$ cat start-v6.txt   # compact mmCIF, C-alpha atoms
# COMPACT_ATOMS: atom_id res chain seq x y z
CA MET A 1 0.00 0.00 0.00
CA GLU A 2 1.20 3.54 -0.70
CA THR A 3 1.83 5.59 2.44
CA SER A 4 -0.20 8.45 0.96
CA GLU A 5 -1.14 10.24 4.15
CA GLY A 6 0.40 10.54 7.56
CA VAL A 7 3.74 10.39 9.28
CA PHE A 8 5.08 7.65 7.05
CA ALA A 9 4.26 9.76 3.98
CA VAL A 10 6.63 12.39 5.38
CA MET A 11 9.26 9.74 6.06
CA LYS A 12 8.94 8.40 2.53
CA GLU A 13 9.10 11.86 1.00
CA MET A 14 12.26 12.78 2.91
CA ASP A 15 13.84 9.29 2.79
CA LEU A 16 13.84 8.90 6.58
CA THR A 17 14.05 5.66 8.53
CA THR A 18 13.02 7.06 11.91
CA LEU A 19 10.94 9.97 13.10
CA GLU A 20 10.28 10.90 16.72
CA ILE A 21 7.43 13.06 17.93
CA PHE A 22 7.50 13.97 21.59
CA LEU A 23 6.23 16.55 24.05
CA SER A 24 8.99 18.51 25.70
CA PRO A 25 8.15 19.02 29.41
CA ARG A 26 10.67 21.85 29.50
CA LYS A 27 9.12 23.80 26.64
CA ASN A 28 5.58 22.33 26.79
CA ALA A 29 5.83 22.06 23.03
CA LEU A 30 5.69 19.34 20.40
CA LEU A 31 9.19 18.61 19.13
CA MET A 32 10.34 16.32 16.32
CA ARG A 33 13.47 14.83 14.90
CA GLY A 34 13.74 12.77 11.75
CA MET A 35 16.73 10.66 10.78
CA LYS A 36 18.20 8.49 8.06
CA GLU A 37 19.83 5.80 10.22
CA TRP A 38 20.29 2.80 7.95
CA ASP A 39 20.82 2.07 4.28
CA ASP A 40 17.83 0.88 2.28
CA ASP A 41 19.56 -2.38 1.40
CA LEU A 42 20.42 -3.26 5.01
CA ASP A 43 19.59 -6.92 5.62
CA PHE A 44 17.71 -7.08 8.90
CA SER A 45 17.75 -10.87 8.77
CA ARG A 46 21.36 -10.42 9.91
CA TYR A 47 20.38 -8.45 13.01
CA THR A 48 22.42 -9.53 16.08
CA THR A 49 24.71 -11.53 13.75
CA ASP A 50 26.30 -8.68 11.79
CA PHE A 51 25.12 -5.66 13.77
CA SER A 52 23.27 -4.58 16.93
CA TYR A 53 20.74 -1.86 17.65
CA LEU A 54 23.62 0.32 18.92
CA ASP A 55 25.52 0.37 15.61
CA MET A 56 25.68 3.15 13.04
CA LEU A 57 24.05 1.52 10.01
CA THR A 58 24.79 4.02 7.26
CA ALA A 59 27.69 6.21 6.18
CA ASP A 60 25.17 8.82 5.04
CA PHE A 61 23.45 9.63 8.35
CA ARG A 62 21.43 12.82 8.35
CA ALA A 63 18.85 14.44 10.56
CA MET A 64 16.02 16.95 10.39
CA ASN A 65 14.79 19.19 13.18
CA THR A 66 11.30 20.30 14.24
CA GLU A 67 11.19 23.36 11.99
CA GLU A 68 12.28 21.42 8.90
CA LEU A 69 9.83 18.58 9.51
CA THR A 70 6.95 20.94 10.23
CA LYS A 71 7.49 22.53 6.82
CA VAL A 72 7.32 19.10 5.16
CA PHE A 73 4.05 18.26 6.95
CA ASN A 74 2.63 21.61 5.84
CA ASN A 75 3.82 21.20 2.24
CA LEU A 76 2.16 17.76 2.04
CA GLY A 77 -1.12 19.17 3.34
CA LEU A 78 -0.69 17.41 6.69
CA LYS A 79 -0.69 20.41 9.04
CA GLY A 80 -4.08 19.40 10.50
CA TYR A 81 -2.95 15.78 10.75
CA LEU A 82 0.08 16.74 12.83
CA GLU A 83 -2.12 18.92 15.04
CA LYS A 84 -4.42 15.93 15.61
CA ILE A 85 -1.47 13.79 16.71
CA GLU A 86 -0.39 16.52 19.11
CA GLU A 87 -3.92 16.71 20.50
CA LEU A 88 -4.00 12.95 21.08
CA ILE A 89 -0.59 12.98 22.78
CA ARG A 90 -1.63 15.84 25.06
CA GLN A 91 -5.03 14.31 25.87
CA GLY A 92 -3.48 11.07 27.06
CA ARG A 93 -0.46 12.70 28.71
CA HIS A 94 1.81 10.64 26.49
CA GLU A 95 5.53 11.23 26.14
CA GLY A 96 5.41 10.72 22.39
CA ILE A 97 5.66 8.29 19.48
CA ASP A 98 8.73 6.84 17.75
CA PHE A 99 8.21 5.80 14.11
CA PHE A 100 10.37 3.23 12.28
CA TYR A 101 10.07 2.61 8.52
CA HIS A 102 11.40 -0.36 6.56
CA LYS A 103 10.79 1.04 3.11
CA ARG A 104 11.79 -2.01 1.07
CA LYS A 105 9.38 -4.32 2.93
CA ASP A 106 6.82 -1.56 3.67
CA VAL A 107 6.83 -2.37 7.38
CA ARG A 108 5.68 0.62 9.44
CA MET A 109 6.13 0.53 13.21
CA ALA A 110 5.04 3.07 15.80
CA PHE A 111 6.27 2.81 19.37
CA CYS A 112 3.68 4.65 21.48
CA LYS A 113 5.21 5.91 24.72
CA HIS A 114 3.05 6.82 27.66
CA SER A 115 4.83 7.31 30.98
CA VAL A 116 8.28 6.00 31.79
CA ILE A 117 8.19 7.08 35.44
CA LEU A 118 7.45 3.64 36.88
CA GLY A 119 10.40 2.12 35.03
CA ILE A 120 13.11 4.75 35.02
CA ARG A 121 14.80 3.52 38.21
CA ASN A 122 14.26 -0.24 38.10
CA ARG A 123 17.92 -0.94 37.19
CA GLN A 124 16.97 -3.24 34.34
CA HIS A 125 17.43 -2.92 30.60
CA ALA A 126 13.71 -2.57 29.98
CA ILE A 127 12.00 0.54 31.29
CA ARG A 128 8.61 -0.03 29.66
CA ALA A 129 6.28 -2.99 29.23
CA GLY A 130 3.63 -3.41 26.56
CA ALA A 131 2.82 -5.92 23.86
CA MET A 132 3.21 -5.58 20.10
CA ARG A 133 0.27 -5.97 17.72
CA ARG A 134 -0.08 -6.03 13.95
CA HIS A 135 -2.53 -4.01 11.83
CA GLU A 136 -3.27 -4.49 8.16
CA PRO A 137 -1.28 -2.29 5.74
CA ASN A 138 -4.38 -0.52 4.41
CA GLU A 139 -5.83 0.56 7.77
CA PRO A 140 -5.91 4.34 8.23
CA GLU A 141 -2.71 5.35 9.98
CA LEU A 142 -4.49 7.61 12.46
CA ASP A 143 -6.79 4.78 13.58
CA VAL A 144 -3.73 2.59 14.20
CA LEU A 145 -2.05 5.35 16.21
CA ILE A 146 -5.18 5.93 18.30
CA ASP A 147 -5.25 2.20 19.10
CA GLY A 148 -1.58 2.27 20.09
CA LEU A 149 -1.90 5.41 22.21
CA ASN A 150 -4.98 4.15 24.03
CA LEU A 151 -3.28 0.85 24.78
CA SER A 152 0.01 2.42 25.89
CA ARG A 153 -1.82 4.66 28.36
CA ALA A 154 -3.73 1.66 29.67
CA MET A 155 -0.46 -0.22 30.10
CA THR A 156 0.98 2.47 32.37
CA TYR A 157 -2.07 2.28 34.61
CA LYS A 158 -2.26 -1.52 34.42
CA ASN A 159 1.40 -1.82 35.44
CA ALA A 160 0.79 0.56 38.35
CA VAL A 161 -2.26 -1.39 39.55
CA ALA A 162 -0.24 -4.61 39.37
CA ALA A 163 2.75 -3.05 41.18
CA ILE A 164 5.03 -3.77 38.22
CA PRO A 165 8.07 -1.43 37.99
CA TYR A 166 7.74 -0.50 34.31
CA GLY A 167 6.27 2.37 32.39
CA GLY A 168 3.60 1.84 29.75
CA CYS A 169 3.94 1.50 25.99
CA LYS A 170 2.47 -0.23 22.96
CA THR A 171 4.05 -1.03 19.60
CA VAL A 172 1.78 -1.14 16.56
CA VAL A 173 3.01 -2.66 13.31
CA GLN A 174 1.43 -2.10 9.92
CA CYS A 175 2.44 -4.80 7.47
CA SER A 176 1.15 -7.87 5.67
CA PRO A 177 0.77 -11.06 7.74
CA VAL A 178 4.24 -12.14 8.83
CA LYS A 179 5.38 -15.59 7.71
CA LEU A 180 7.68 -17.46 10.05
CA ASP A 181 10.38 -17.76 7.39
CA ASP A 182 10.35 -13.99 6.69
CA LEU A 183 13.48 -13.33 8.72
CA GLU A 184 13.90 -9.87 7.18
CA THR A 185 10.63 -8.61 8.70
CA ILE A 186 11.04 -10.51 11.98
CA GLY A 187 14.62 -9.22 12.28
CA PHE A 188 13.39 -5.64 11.79
CA ILE A 189 10.69 -6.12 14.43
CA SER A 190 13.35 -7.47 16.81
CA TYR A 191 15.66 -4.53 16.10
CA VAL A 192 12.94 -1.99 16.89
CA SER A 193 11.95 -3.80 20.07
CA ASP A 194 15.51 -3.89 21.42
CA ARG A 195 16.09 -0.29 20.53
CA CYS A 196 12.98 0.88 22.38
CA ARG A 197 14.09 -0.73 25.65
CA ASN A 198 10.88 -2.57 26.37
CA PHE A 199 9.94 -6.22 26.63
CA PRO A 200 6.97 -6.92 24.37
CA GLY A 201 5.04 -10.10 23.90
CA ALA A 202 2.75 -11.39 21.18
CA ASP A 203 -0.60 -9.73 20.61
CA MET A 204 -3.18 -9.63 17.83
CA GLY A 205 -1.60 -10.52 14.49
CA LEU A 206 1.80 -11.50 15.92
CA ASP A 207 1.64 -14.93 17.50
CA GLU A 208 3.62 -17.04 19.95
CA ALA A 209 5.26 -19.02 17.13
CA MET A 210 6.86 -15.80 15.87
CA VAL A 211 8.25 -15.20 19.36
CA ASP A 212 9.92 -18.61 19.12
CA VAL A 213 11.69 -17.49 15.93
CA ILE A 214 12.73 -14.20 17.57
CA HIS A 215 14.24 -16.11 20.50
CA GLU A 216 16.08 -18.52 18.24
CA LYS A 217 17.40 -16.03 15.69
CA PHE A 218 17.52 -12.54 17.18
CA THR A 219 16.89 -11.54 20.79
CA GLN A 220 15.70 -12.80 24.17
CA ASN A 221 14.01 -9.49 24.96
CA PHE A 222 10.59 -10.71 23.82
CA ILE A 223 8.65 -12.70 26.38
CA GLY A 224 6.44 -15.73 25.85
CA GLY A 225 6.59 -18.17 22.99
CA THR A 226 5.39 -21.74 22.81
CA LYS A 227 8.37 -22.93 24.88
CA SER A 228 7.72 -20.50 27.73
CA PRO A 229 7.93 -22.01 31.25
CA LEU A 230 4.59 -20.30 31.98
CA VAL A 231 1.31 -20.87 30.20
CA SER A 232 0.25 -18.41 27.52
CA THR A 233 -0.55 -14.99 28.96
CA GLY A 234 -4.17 -15.59 27.94
CA THR A 235 -4.70 -18.08 30.75
CA PRO A 236 -3.40 -15.89 33.61
CA THR A 237 -5.37 -12.98 32.16
CA ALA A 238 -8.48 -15.16 32.21
CA TYR A 239 -7.78 -16.22 35.78
CA GLY A 240 -7.55 -12.60 36.88
CA GLU A 241 -10.83 -11.76 35.14
CA TYR A 242 -12.47 -14.79 36.72
CA ILE A 243 -11.61 -13.81 40.28
CA ALA A 244 -12.45 -10.14 39.59
CA THR A 245 -15.87 -11.24 38.32
CA LYS A 246 -16.44 -13.23 41.50
CA GLN A 247 -15.64 -10.15 43.57
CA ALA A 248 -17.98 -8.03 41.42
CA CYS A 249 -20.78 -10.59 41.92
CA ASP A 250 -20.19 -10.58 45.66
CA PHE A 251 -20.33 -6.77 45.62
CA VAL A 252 -23.55 -6.61 43.57
CA TYR A 253 -25.35 -9.86 44.47
CA CYS A 254 -23.87 -10.44 47.94
CA SER A 255 -22.32 -13.78 46.92
CA PRO A 256 -19.22 -14.71 44.92
CA ASP A 257 -20.80 -18.01 43.92
CA LEU A 258 -21.23 -18.22 40.15
CA ALA A 259 -23.41 -21.36 40.24
CA GLY A 260 -26.69 -20.54 38.55
CA ARG A 261 -25.45 -17.16 37.28
CA THR A 262 -25.85 -16.32 33.60
CA ILE A 263 -22.81 -14.66 32.07
CA ALA A 264 -22.66 -13.17 28.58
CA LEU A 265 -19.19 -13.63 27.10
CA GLN A 266 -18.02 -11.93 23.92
CA GLY A 267 -15.08 -13.59 22.21
CA LEU A 268 -13.60 -17.07 22.69
CA GLY A 269 -10.01 -16.22 21.92
CA HIS A 270 -6.85 -16.82 23.94
CA VAL A 271 -8.45 -15.11 26.97
CA GLY A 272 -12.16 -15.67 26.39
CA TYR A 273 -11.97 -19.44 26.00
CA PRO A 274 -10.13 -20.21 29.26
CA LEU A 275 -12.32 -17.63 31.01
CA ALA A 276 -15.40 -19.49 29.74
CA GLU A 277 -13.95 -22.69 31.19
CA TYR A 278 -13.43 -21.05 34.57
CA PHE A 279 -17.03 -19.80 34.60
CA LEU A 280 -18.53 -23.10 33.49
CA LYS A 281 -16.54 -25.18 35.97
CA ASP A 282 -17.93 -22.88 38.66
CA GLY A 283 -21.48 -23.71 37.62
CA ALA A 284 -22.36 -20.65 35.56
CA LYS A 285 -24.39 -20.70 32.37
CA LEU A 286 -22.97 -18.85 29.39
CA ILE A 287 -24.33 -16.89 26.46
CA VAL A 288 -21.42 -16.64 24.03
CA SER A 289 -20.69 -14.95 20.74
CA ASP A 290 -17.73 -15.35 18.42
CA ILE A 291 -17.22 -15.07 14.69
CA ASP A 292 -15.36 -18.40 14.80
CA LEU A 293 -18.15 -20.95 15.11
CA GLY A 294 -15.58 -23.71 15.55
CA LYS A 295 -14.62 -22.32 18.95
CA VAL A 296 -18.29 -22.15 19.94
CA LYS A 297 -18.83 -25.77 18.91
CA LYS A 298 -15.71 -26.87 20.79
CA LEU A 299 -16.99 -25.23 23.97
CA GLN A 300 -20.48 -26.69 23.52
CA ASP A 301 -19.04 -30.14 22.88
CA GLN A 302 -17.02 -29.80 26.07
CA PHE A 303 -19.78 -28.51 28.36
CA GLY A 304 -23.08 -29.08 26.50
CA THR A 305 -25.51 -26.84 24.68
CA ASP A 306 -27.69 -26.54 27.78
CA THR A 307 -25.03 -24.50 29.54
CA VAL A 308 -23.43 -22.79 26.50
CA ASN A 309 -25.91 -20.83 24.42
CA PHE A 310 -24.74 -19.11 21.21
CA VAL A 311 -26.00 -15.78 19.87
CA LYS A 312 -24.90 -13.76 16.87
CA PRO A 313 -22.19 -11.16 17.60
CA ASP A 314 -24.48 -8.14 17.40
CA ASP A 315 -27.04 -9.78 19.71
CA ILE A 316 -24.69 -10.18 22.67
CA TYR A 317 -25.27 -6.57 23.72
CA THR A 318 -29.00 -7.06 24.36
CA VAL A 319 -29.17 -10.48 26.04
CA VAL A 320 -30.41 -10.81 29.61
CA ALA A 321 -27.53 -11.84 31.90
CA ASP A 322 -26.17 -11.25 35.39
CA SER A 323 -22.76 -10.20 34.09
CA PHE A 324 -21.16 -9.34 30.74
CA SER A 325 -17.54 -10.24 29.92
CA PRO A 326 -16.27 -8.47 26.78
CA CYS A 327 -13.15 -10.35 25.64
CA ALA A 328 -12.87 -9.32 22.00
CA MET A 329 -12.76 -5.91 20.32
CA GLY A 330 -12.66 -2.57 22.11
CA GLY A 331 -14.96 0.43 21.86
CA ILE A 332 -18.09 -1.64 22.48
CA ILE A 333 -19.55 0.50 25.29
CA THR A 334 -21.14 3.47 23.55
CA GLU A 335 -23.66 6.02 24.72
CA GLU A 336 -26.19 4.51 22.31
CA ARG A 337 -25.74 0.95 23.57
CA ILE A 338 -25.79 1.64 27.31
CA PRO A 339 -29.62 1.87 27.59
CA LYS A 340 -29.89 -1.51 25.82
CA PHE A 341 -27.70 -3.40 28.29
CA LYS A 342 -29.60 -5.90 30.45
CA PHE A 343 -26.92 -6.93 32.92
CA LYS A 344 -25.76 -5.53 36.26
CA ILE A 345 -22.00 -6.09 35.83
CA ILE A 346 -19.49 -5.52 33.01
CA ILE A 347 -16.10 -7.09 33.75
CA GLY A 348 -13.99 -8.35 30.85
CA SER A 349 -10.53 -8.47 29.31
CA ALA A 350 -11.10 -6.47 26.11
CA ASN A 351 -8.89 -3.40 25.86
CA ASN A 352 -10.48 0.05 25.67
CA GLN A 353 -14.05 -1.16 26.19
CA LEU A 354 -15.35 2.41 26.43
CA LYS A 355 -15.66 4.17 23.07
CA ALA A 356 -13.36 7.04 24.03
CA THR A 357 -9.89 8.44 23.35
CA SER A 358 -9.24 10.31 26.61
CA LYS A 359 -9.60 9.85 30.36
CA GLU A 360 -12.27 12.53 30.50
CA ALA A 361 -14.36 10.83 27.82
CA GLU A 362 -13.97 7.47 29.57
CA ILE A 363 -15.11 8.88 32.92
CA TYR A 364 -18.11 10.48 31.22
CA LEU A 365 -19.19 7.15 29.71
CA ALA A 366 -18.44 5.29 32.96
CA LYS A 367 -20.87 7.63 34.73
CA ARG A 368 -23.53 6.90 32.10
CA VAL A 369 -23.02 3.17 32.73
CA ALA A 370 -23.33 3.68 36.49
CA GLU A 371 -26.51 5.71 36.03
CA ALA A 372 -27.94 2.71 34.15
CA GLY A 373 -27.44 0.62 37.31
CA ILE A 374 -24.44 -1.33 36.00
CA LEU A 375 -21.19 -1.96 37.85
CA PHE A 376 -18.35 -1.29 35.42
CA VAL A 377 -14.63 -0.82 36.01
CA GLU A 378 -12.13 0.28 33.38
CA GLY A 379 -10.44 -2.84 32.01
CA TRP A 380 -6.86 -2.03 33.01
CA ALA A 381 -7.95 -1.95 36.68
CA HIS A 382 -8.44 -5.74 36.69
CA ASN A 383 -7.02 -7.04 33.40
CA THR A 384 -3.55 -7.51 34.89
CA GLY A 385 -2.95 -11.26 34.88
CA GLY A 386 -1.18 -11.25 31.54
CA VAL A 387 1.24 -8.43 32.29
CA ILE A 388 2.00 -9.95 35.72
CA ALA A 389 2.92 -13.18 33.94
CA ALA A 390 5.00 -11.23 31.42
CA ALA A 391 6.91 -9.40 34.16
CA LEU A 392 7.57 -12.64 36.03
CA LEU A 393 8.90 -14.21 32.83
CA TRP A 394 11.08 -11.19 32.12
CA GLN A 395 12.54 -11.13 35.61
CA LEU A 396 12.99 -14.87 36.28
CA GLN A 397 13.19 -16.28 32.74
CA GLU A 398 13.36 -20.10 32.86
CA GLU A 399 12.96 -20.16 36.65
CA ALA A 400 9.43 -18.69 36.53
CA THR A 401 6.70 -21.09 37.67
CA VAL A 402 2.92 -21.20 37.69
CA GLU A 403 3.00 -21.71 41.46
CA GLN A 404 4.65 -18.30 41.81
CA LEU A 405 2.23 -16.68 39.38
CA TRP A 406 -1.27 -17.36 40.75
CA PRO A 407 -0.81 -15.62 44.14
CA MET A 408 0.68 -12.61 42.34
CA ILE A 409 -2.52 -12.35 40.28
CA GLU A 410 -4.88 -12.81 43.22
CA LEU A 411 -3.64 -9.78 45.14
CA PRO A 412 -4.53 -7.08 42.56
CA CYS A 413 -7.43 -8.90 40.87
CA SER A 414 -9.22 -10.04 44.03
CA ASN A 415 -8.12 -8.25 47.21
CA ASN A 416 -7.16 -4.88 45.75
CA PHE A 417 -10.02 -4.93 43.26
CA ARG A 418 -12.55 -5.48 46.04
CA ALA A 419 -10.94 -2.67 48.05
CA LEU A 420 -11.41 -0.39 45.04
CA LEU A 421 -15.12 -1.24 44.83
CA GLU A 422 -15.58 -0.53 48.52
CA GLN A 423 -13.65 2.72 48.25
CA SER A 424 -15.77 3.92 45.33
CA ARG A 425 -18.93 3.16 47.27
CA LYS A 426 -17.68 5.31 50.18
CA THR A 427 -16.61 8.23 48.00
CA GLY A 428 -19.63 8.10 45.70
CA LYS A 429 -17.38 8.06 42.64
CA THR A 430 -17.60 5.47 39.89
CA PRO A 431 -14.93 2.76 40.23
CA THR A 432 -13.37 4.00 36.99
CA GLU A 433 -13.10 7.56 38.29
CA GLN A 434 -11.76 6.29 41.60
CA VAL A 435 -9.10 4.02 40.10
CA TYR A 436 -7.88 6.83 37.83
CA GLU A 437 -7.51 9.05 40.89
CA ASN A 438 -5.64 6.36 42.81
CA VAL A 439 -3.28 5.37 40.03
CA GLU A 440 -2.45 8.86 38.79
CA ALA A 441 -1.43 9.74 42.35
CA MET A 442 1.03 6.83 42.16
CA ILE A 443 2.38 7.82 38.75
CA TYR A 444 2.40 11.60 38.69
CA SER A 445 2.97 12.61 42.31
CA ASN A 446 6.69 11.86 42.38
CA PRO A 447 8.27 15.31 42.72
CA LYS A 448 11.60 14.08 41.36
CA PHE A 449 10.14 13.82 37.86
CA HIS A 450 8.68 16.61 35.76
CA VAL A 451 5.74 15.14 33.85
CA ASN A 452 3.72 16.36 30.93
CA PRO A 453 0.88 18.69 31.97
$ encode --input "start-v6.txt" --output "structure tokens"
Amino acid sequence: METSEGVFAVMKEMDLTTLEIFLSPRKNALLMRGMKEWDDDLDFSRYTTDFSYLDMLTADFRAMNTEELTKVFNNLGLKGYLEKIEELIRQGRHEGIDFFYHKRKDVRMAFCKHSVILGIRNRQHAIRAGAMRRHEPNEPELDVLIDGLNLSRAMTYKNAVAAIPYGGCKTVVQCSPVKLDDLETIGFISYVSDRCRNFPGADMGLDEAMVDVIHEKFTQNFIGGTKSPLVSTGTPTAYGEYIATKQACDFVYCSPDLAGRTIALQGLGHVGYPLAEYFLKDGAKLIVSDIDLGKVKKLQDQFGTDTVNFVKPDDIYTVVADSFSPCAMGGIITEERIPKFKFKIIIGSANNQLKATSKEAEIYLAKRVAEAGILFVEGWAHNTGGVIAAALLWQLQEEATVEQLWPMIELPCSNNFRALLEQSRKTGKTPTEQVYENVEAMIYSNPKFHVNP
């Protein structure tokens, strides 16, 4: 696909490999730098064999400053586009975005940086944690960036809730599906990951098998893979959502027992399927939706059609249930849908469940949900099992065990989550508003760091 509009159009026009957009706390201004840092014929399949992320990779290095790049954006008719990116960065209190462009393979990567404060003093190579996900080449660039920025902000808060000493980030990759023998693309992805000083794992569009190749050929700074000593991060995420749901039921229905409860579950993927198993083994009845009917049939074959009822994807929002677990796409809680919901609890693993791009917009929608008589808590406040597993893997590597993992998940997802619900009841604030207040005090109240306003 031609990079006809956006940041990568500027990079293509000026023959740049990297472009950084960041807010300067000192000047309270958007600053940029663009660079030509490697030759177009550089073979990234030789990354870590012939060169590292610290090497100078071209004899013709050059750089552009903010004034020069701003003129290029303006000349390409992208002045408003750049202003929109600045608005998004300011809204989310992000530190910025680093762009990396592999022109020959048309691989476009954006490293979305929220806050580094939690990770700046942890004395480890990685100072941020956040997974890496792939988007199709023809998706609008701005939509991809919004996804990355929303998720990177959520990762900062999720890491804080889980007491993990890393800042938040998210890497979004626009490219065609990556084949496991495409060492050029996988090498480039590995190079960018190492350079950004984070430890990503697989996410949508980039699977665990690719992590195996990265470990074998390039770097150990990815976590997970099929040979990981811990189960896939989907299972610990599901476990955290399961125990958070039990606490929510106890809070609303005065009992954590799920036997006889009806739970609507959207998505039977790497989190939704094990979560469904947890619910069903506890005696709940499920109403499920998924575009993959094979997963639905597998679950029904395992537990019976009497306890697993299927509805079409669009119908899941209007079923009658005690609790709703969104475990698929984000942006599903909209102002138009809220009056149609017929459940008292929404607790699920989907990222960015509220259709919003800022904290203020999320709090507004969370209040609308509360006014409808529904207990809802922003996903990052309880969707921490996966990142806890990732941090344990990063820190202990092959010595990490499942026995160490489960208690680490139970503290934030059960005990601390219940304390949040009780606190919100005392203050009269929605749990989402309350958890934002609690976590931002943890992140932004350190006087030794100057943070973006």
$ atom_distance --input "start-v6.txt" --atom1 "CA of Ile333 (chain A)" --atom2 "CA of Ala110 (chain A)"
26.5 Å
$ residues_around --input "start-v6.txt" --residues "region 182-196 of chain A" --least-positions-apart "5" --cutoff "8 Å" --atoms "all atoms listed in the file" --output "list in words"
Asp43, Phe44, Ser45, Arg46, Tyr47, Ser52, Tyr53, Leu54, Phe100, His102, Lys105, Val107, Phe111, Met210, Ile214, Phe218, Thr219, Asn221 and Phe222 of chain A
$ closest_residue --input "start-v6.txt" --among "A:Asn416, A:Thr17, A:Ser424, A:Thr307" --to "Thr58 (chain A)" --atoms "all atoms listed in the file"
A:Thr17
$ closest_residue --input "start-v6.txt" --among "A:Ala131, A:Leu365, A:Ile332, A:Val435" --to "Asn198 (chain A)" --atoms "all atoms listed in the file"
A:Ala131
$ residues_near_point --input "start-v6.txt" --point "(4.1, 20.8, 4.8)" --cutoff "12 Å" --atoms "all atoms listed in the file" --output "ChimeraX atom specification"
/A:5-7,9-10,13-14,66-82
$ closest_residue --input "start-v6.txt" --among "A:Lys367, A:Lys359, A:Arg62, A:His114" --to "Glu437 (chain A)" --atoms "all atoms listed in the file"
A:Lys359
$ residues_around --input "start-v6.txt" --residues "Ile374 (chain A)" --least-positions-apart "6" --cutoff "12 Å" --atoms "all atoms listed in the file" --output "ChimeraX atom specification"
/A:248-249,251-252,321-324,333,338-347,365-368,430-431
$ closest_residue --input "start-v6.txt" --among "A:Gly224, A:Gly148, A:Gly304, A:Gly168" --to "Leu392 (chain A)" --atoms "only C-alpha atoms"
A:Gly224
$ axis_aligned_box --input "start-v6.txt" --around "region 394-405 of chain A" --padding-each-side "8 Å" --output "JSON"
{"center_x": 7.8, "center_y": -16.4, "center_z": 37.0, "size_x": 27.1, "size_y": 26.6, "size_z": 25.7}
$ residues_around --input "start-v6.txt" --residues "Glu37 (chain A)" --least-positions-apart "6" --cutoff "9 Å" --atoms "all atoms listed in the file" --output "list in words"
Leu16, Thr17, Thr18, Met56, Leu57, Thr58, Ala59, Asp60, Phe61, Arg62 and Ala63 of chain A
$ closest_atom_pairs --input "start-v6.txt" --of "region 144-230 of chain A" --to "region 115-130 of chain A" --cutoff "9 Å" --atoms "all atoms listed in the file" --output "tab-separated table"
residue	atom	partner	partner_atom	distance
A:Leu151	CA	A:Gly130	CA	8.3
A:Ser152	CA	A:Gly130	CA	6.9
A:Arg153	CA	A:Ser115	CA	7.6
A:Met155	CA	A:Gly130	CA	6.3
A:Thr156	CA	A:Ser115	CA	6.3
A:Asn159	CA	A:Ala129	CA	8.0
A:Ala160	CA	A:Leu118	CA	7.5
A:Ile164	CA	A:Leu118	CA	7.9
A:Pro165	CA	A:Gly119	CA	5.2
A:Tyr166	CA	A:Gly119	CA	3.8
A:Gly167	CA	A:Val116	CA	4.2
A:Gly168	CA	A:Arg128	CA	5.3
A:Cys169	CA	A:Gly130	CA	5.0
A:Lys170	CA	A:Gly130	CA	4.9
A:Thr171	CA	A:Gly130	CA	7.4
A:Asp194	CA	A:Ala126	CA	8.8
A:Cys196	CA	A:Ala126	CA	8.4
A:Arg197	CA	A:Ala126	CA	4.7
A:Asn198	CA	A:Ala126	CA	4.6
A:Phe199	CA	A:Ala129	CA	5.5
A:Pro200	CA	A:Gly130	CA	5.3
A:Gly201	CA	A:Gly130	CA	7.3
A:Asn221	CA	A:Ala126	CA	8.6
$ residues_around --input "start-v6.txt" --residues "Val172 (chain A)" --least-positions-apart "6" --cutoff "10 Å" --atoms "only C-alpha atoms" --output "list in words"
Phe99, Arg108, Met109, Ala110, Phe111, Cys112, Ala131, Met132, Arg133, Arg134, His135, Val144, Leu145, Asp147, Gly148, Leu149, Leu151, Asp203 and Met204 of chain A
$ closest_residue --input "start-v6.txt" --among "A:Asp301, A:Glu403, A:Glu433, A:Glu241" --to "Thr384 (chain A)" --atoms "all atoms listed in the file"
A:Glu241
$ residues_around --input "start-v6.txt" --residues "Glu86 (chain A)" --least-positions-apart "3" --cutoff "10 Å" --atoms "all atoms listed in the file" --output "PyMOL selection string"
chain A and resi 21-23+29-31+80-83+89-91+94+96
